[in-house]
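Just below is one structure, and these are the notes that go with it.
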Amino acid sequence: MITRSSALLQRPAPETQPLPVQARWQTQLAGAIRDPRELCRRLGLDTAWQDGAARGHALFEVRVPEAYLARIRPGDPSDPLLHQVLPLIEEDHPVAGYVADPLAEAEHTPARGLIHKYAGRVLLIASPACAVNCRYCFRRHFPYAENAPSRAQWEESLDYIREDPTIREAILSGGDPLAASDRQLAWLVERLDAIPHLRRLRIHTRLPVVIPERIDAALLGWLSATRLQKVMVLHINHANEIDEAVIAACRRLSDAGVTLLNQSVLLRGVNDSVEALAALSERLFEAGVLPYYLHVLDPVAGAAHFDVSDDQARELVAGLREVLPGFLMPRLVREIPGEASKTPL
Ligand SMILES: *Cc1c(COP(=O)(O)O)cnc(C)c1O
Ligand code: SF4
């Protein structure tokens with residue numbers, strides 16, 4: 001069945017130990033910090049932050065793996081990585097225009113766990129879970145429980161793709177698709193591989209960034225086994241997210257023939273300066289990743305404090321163009337419900 005990946009699994013591990021029953025990344029995922037008070041304590045933030053964190057956590061739970069925590073500067077409430085994961089009291093303040101499902105995705109799900117909005121591409125919700133909970137996430141209110149398909153429901157999504165020869169690309173999304181087990185992913189990709197009109201497999205994921213050990217032999221096994229062209233779109237918002245372990249994970253992916261791209265969200269207090277955006281593009285390229293999209297924030301309830309105005313966004317991108325080569329320029333876009341593609345600003 002998944003011959004290549006089993007061959008890889010049978011290769012003796014470098015540390016002569018028998019292979020762990022649970023992969024190391026799964027242990028990290030299971031051990032992620034889920035308590036707002038612990039997050040504040042570990043980072044030396046005082047009680048003033050703890051109360052806000054608890055309020056935000058009640059709306060969308062805290063989740064921060066150790067490998068990501070290690071890249072946050074302790075005692076610095078303005079750290080750009082902390083800002084992405086620390087709930088604030090502001091999340092609990094309703095703001096006009098910020099809603100639960102800003103992209104109206106509920107209207108585009110012909111099969112459970114499948115979203116078909118754009119020509120030639122379908123998006124599959126391969127896992128409802130994420131390795132990190134990003135406070136600005138447009139899916140923070142997404143009804144995941146209703147969108148985590150069983151195998152029978154997967155067959156329904158696969159039939160939808162089989163019956164539409166205009167679909168050339170399957171995009172695994174989530175949540176984070178790489179939060180699913182390699183067994184499940186290998187099963188799914190094998191079936192996608194067998195659909196003749198499909199050409200590309202795209203994976204939208206933040207896992208190689210937050211837990212770089214996710215890019216292990218089992219994953220590279222099923223990824224290398226498919227005939228489909230492979231594209232991975234990472235999600236990185238700040239240069240500090242890219243440490244040596246992330247660079248090594250990206251190298252393993254490039255070596256397996258994966259084209260690496262990155263999408264970012266423009267976030268107040270995280271990357272809303274020409275310096276931060278330029279440093280991000282430069283650092284991405286060091287990791288072998290090209291910038292793809294820079295999204296303006298989707299107006300999801302609880303995230304209004306991250307908003308950067310359209311005028312400021314255009315100014316930032318104009319400033320960025322003055323300092324970067326063209327191939328390191330992300331495209332500034334917005335997702336507008338009902339449009340046939342992302343909309344350039
Ligand atoms: C963003 C998105 C895609 C991919 O769009 P590209 O412009 O090809 O990156 C596909 N389907 C949905 C539902 C999306 O939101
Ligand atoms: S990893 Fe992506 S889907 Fe998950 S919380 Fe972060 S932004 Fe949302």
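Following the order of the structure tokens, first chain is A, next is B, and so on, with residues numbered from 1 inside each chain and ligands from 1 in the order they appear.
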Backbone DSSP call of strand (DSSP E) for range 82-309 of chain A, listed as a ChimeraX atom specification
/A:114-118,121-127,169-174,200-205,229-235,258-265,290-295
Pull C-alpha atoms from the residues just selected and write them as a compact mmCIF listing (two decimals), in the first residue's frame.
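Output (selection04.txt):
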# COMPACT_ATOMS: atom_id res chain seq x y z
CA LEU A 114 -14.87 20.31 1.05
CA ILE A 115 -14.93 23.94 -0.06
CA HIS A 116 -15.13 24.71 -3.79
CA LYS A 117 -15.00 28.45 -4.36
CA TYR A 118 -12.30 28.89 -7.02
CA ARG A 121 -9.11 24.12 -6.98
CA VAL A 122 -10.90 22.48 -4.09
CA LEU A 123 -10.04 22.92 -0.48
CA LEU A 124 -10.34 19.90 1.83
CA ILE A 125 -10.56 20.29 5.58
CA ALA A 126 -8.17 17.45 6.36
CA SER A 127 -7.98 18.09 10.09
CA GLU A 169 -5.58 20.88 -7.65
CA ALA A 170 -6.54 19.54 -4.24
CA ILE A 171 -5.63 21.79 -1.34
CA LEU A 172 -5.36 20.19 2.07
CA SER A 173 -6.33 22.74 4.67
CA GLY A 174 -7.87 22.84 8.10
CA ARG A 200 -1.30 19.11 -7.96
CA LEU A 201 -1.44 18.52 -4.26
CA ARG A 202 -1.19 21.66 -2.19
CA ILE A 203 -0.87 21.70 1.58
CA HIS A 204 -1.64 24.81 3.62
CA THR A 205 0.04 24.35 6.97
CA GLN A 229 3.20 17.93 -8.06
CA LYS A 230 3.57 19.17 -4.53
CA VAL A 231 3.24 22.68 -3.21
CA MET A 232 3.35 23.59 0.45
CA VAL A 233 2.12 26.99 1.55
CA LEU A 234 3.51 27.76 4.97
CA HIS A 235 2.11 30.43 7.24
CA VAL A 258 8.08 20.24 -2.62
CA THR A 259 7.75 23.84 -3.85
CA LEU A 260 7.67 26.05 -0.76
CA LEU A 261 5.63 29.25 -0.54
CA ASN A 262 4.52 31.38 2.38
CA GLN A 263 1.42 33.33 3.24
CA SER A 264 1.30 35.93 5.97
CA VAL A 265 -1.39 38.02 7.53
CA LEU A 290 9.14 32.32 -1.55
CA PRO A 291 6.61 34.88 -0.29
CA TYR A 292 3.19 34.27 -1.86
CA TYR A 293 0.36 36.21 -0.23
CA LEU A 294 0.20 38.98 2.34
CA HIS A 295 -3.41 38.91 3.48
Distance table requested - chain A against ligand 2, cut-off 12 Å, only C-alpha atoms and all ligand atoms: one row per qualifying residue with the closest atom pair and its distance in Å to one decimal, ordered by chain and rising residue number, as CSV.
residue,atom,partner,partner_atom_place_in_ligand_line,distance
A:Phe60,CA,ligand 2,5 (S),9.5
A:Glu61,CA,ligand 2,5 (S),10.0
A:Val62,CA,ligand 2,5 (S),9.9
A:Arg63,CA,ligand 2,5 (S),8.9
A:Val64,CA,ligand 2,5 (S),10.4
A:Pro65,CA,ligand 2,1 (S),11.9
A:Gln84,CA,ligand 2,6 (Fe),8.8
A:Val85,CA,ligand 2,6 (Fe),8.9
A:Ile125,CA,ligand 2,3 (S),10.2
A:Ala126,CA,ligand 2,3 (S),11.4
A:Ser127,CA,ligand 2,3 (S),9.8
A:Pro128,CA,ligand 2,3 (S),8.6
A:Ala129,CA,ligand 2,4 (Fe),7.2
A:Cys130,CA,ligand 2,4 (Fe),4.6
A:Ala131,CA,ligand 2,1 (S),6.6
A:Val132,CA,ligand 2,1 (S),5.6
A:Asn133,CA,ligand 2,5 (S),4.0
A:Cys134,CA,ligand 2,6 (Fe),4.1
A:Arg135,CA,ligand 2,5 (S),7.0
A:Tyr136,CA,ligand 2,7 (S),6.9
A:Cys137,CA,ligand 2,8 (Fe),4.1
A:Phe138,CA,ligand 2,8 (Fe),6.4
A:Arg139,CA,ligand 2,8 (Fe),5.8
A:Arg140,CA,ligand 2,8 (Fe),6.6
A:His141,CA,ligand 2,8 (Fe),10.0
A:Phe142,CA,ligand 2,3 (S),9.6
A:Tyr144,CA,ligand 2,3 (S),10.8
A:Leu172,CA,ligand 2,3 (S),11.6
A:Ser173,CA,ligand 2,3 (S),8.0
A:Gly174,CA,ligand 2,3 (S),5.9
A:Gly175,CA,ligand 2,3 (S),4.3
A:Asp176,CA,ligand 2,4 (Fe),5.7
A:Pro177,CA,ligand 2,3 (S),9.3
A:Leu178,CA,ligand 2,1 (S),10.2
A:Ala179,CA,ligand 2,4 (Fe),9.9
A:Ile203,CA,ligand 2,2 (Fe),11.8
A:His204,CA,ligand 2,2 (Fe),8.4
A:Thr205,CA,ligand 2,1 (S),6.8
A:Arg206,CA,ligand 2,1 (S),5.2
A:Leu207,CA,ligand 2,1 (S),7.4
A:Pro208,CA,ligand 2,1 (S),10.6
A:Val209,CA,ligand 2,1 (S),9.7
A:Val210,CA,ligand 2,1 (S),8.9
A:Ile211,CA,ligand 2,1 (S),11.4
A:Val233,CA,ligand 2,2 (Fe),11.1
A:Leu234,CA,ligand 2,2 (Fe),9.4
A:His235,CA,ligand 2,2 (Fe),7.2
A:Ile236,CA,ligand 2,7 (S),9.5
A:Asn237,CA,ligand 2,7 (S),10.2
A:Gln263,CA,ligand 2,7 (S),10.3
A:Ser264,CA,ligand 2,7 (S),9.3
A:Val265,CA,ligand 2,7 (S),8.7
A:Leu267,CA,ligand 2,7 (S),11.9
A:His295,CA,ligand 2,7 (S),11.4
A:Leu297,CA,ligand 2,7 (S),10.9
A:Asp298,CA,ligand 2,7 (S),11.0
A:Val300,CA,ligand 2,8 (Fe),11.3
A:Ala303,CA,ligand 2,7 (S),11.7
Could you go through range 3-195 of chain A and tell me which residues DSSP, when run on the backbone, assigns to helix (DSSP H, G or I), listing them as a PyMOL selection string?
chain A and resi 3-10+24-30+36-42+47-59+66-69+82-85+89-92+105-108+144-147+151-162+177-179+182-193
When you count only C-alpha atoms and all ligand atoms, which of these residues is closest to ligand 1: A:Leu228, A:Ala304, A:Leu223, A:Val333?
A:Val333
9 Å contact set for range 39-42 of chain A, only C-alpha atoms, chain neighbours under 4 positions out, as a PyMOL selection string
chain A and resi 33-35+46-47+49-50+53+62+64+69+74+86
With only C-alpha atoms and all ligand atoms as the basis for distance, which of A:Arg71, A:Arg168, A:Arg151, A:Arg214 is at the shortest distance from ligand 1?
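Closest candidate: A:Arg168.
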Counting only C-alpha atoms and all ligand atoms, closest pick from A:Asp79, A:Leu103, A:Asp164, A:Leu43 relative to ligand 1 is A:Leu103
For ligand 1, which residue out of A:Ser78, A:Thr109, A:Ser273, A:Gln26 is the nearest one, using only C-alpha atoms and all ligand atoms?
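Checking each candidate against ligand 1, we get A:Thr109 as the closest.
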Using only C-alpha atoms, which residues sit within 8 Å of Pro77 in chain A once same-chain residues fewer than 4 positions away are excluded, as a PyMOL selection string?
chain A and resi 45+82-83
Measuring between only C-alpha atoms and all ligand atoms, which one of A:Gly120, A:Asp255, A:Leu188, A:Leu198 shows the shortest distance to ligand 1?
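Of all the options, A:Gly120 lies closest to ligand 1.
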Got a sec: who's within 12 Å of Ala278 in chain A, counting only C-alpha atoms, leaving out chain neighbours fewer than 2 positions off, as a PyMOL selection string?
chain A and resi 237-239+271-276+280-285+291+316-326+328-330
Which is closer to ligand 1 than all the others in A:Pro196, A:Pro212, A:Pro165, A:Pro110, using only C-alpha atoms and all ligand atoms?
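That would be A:Pro110, the residue with the smallest distance to ligand 1.
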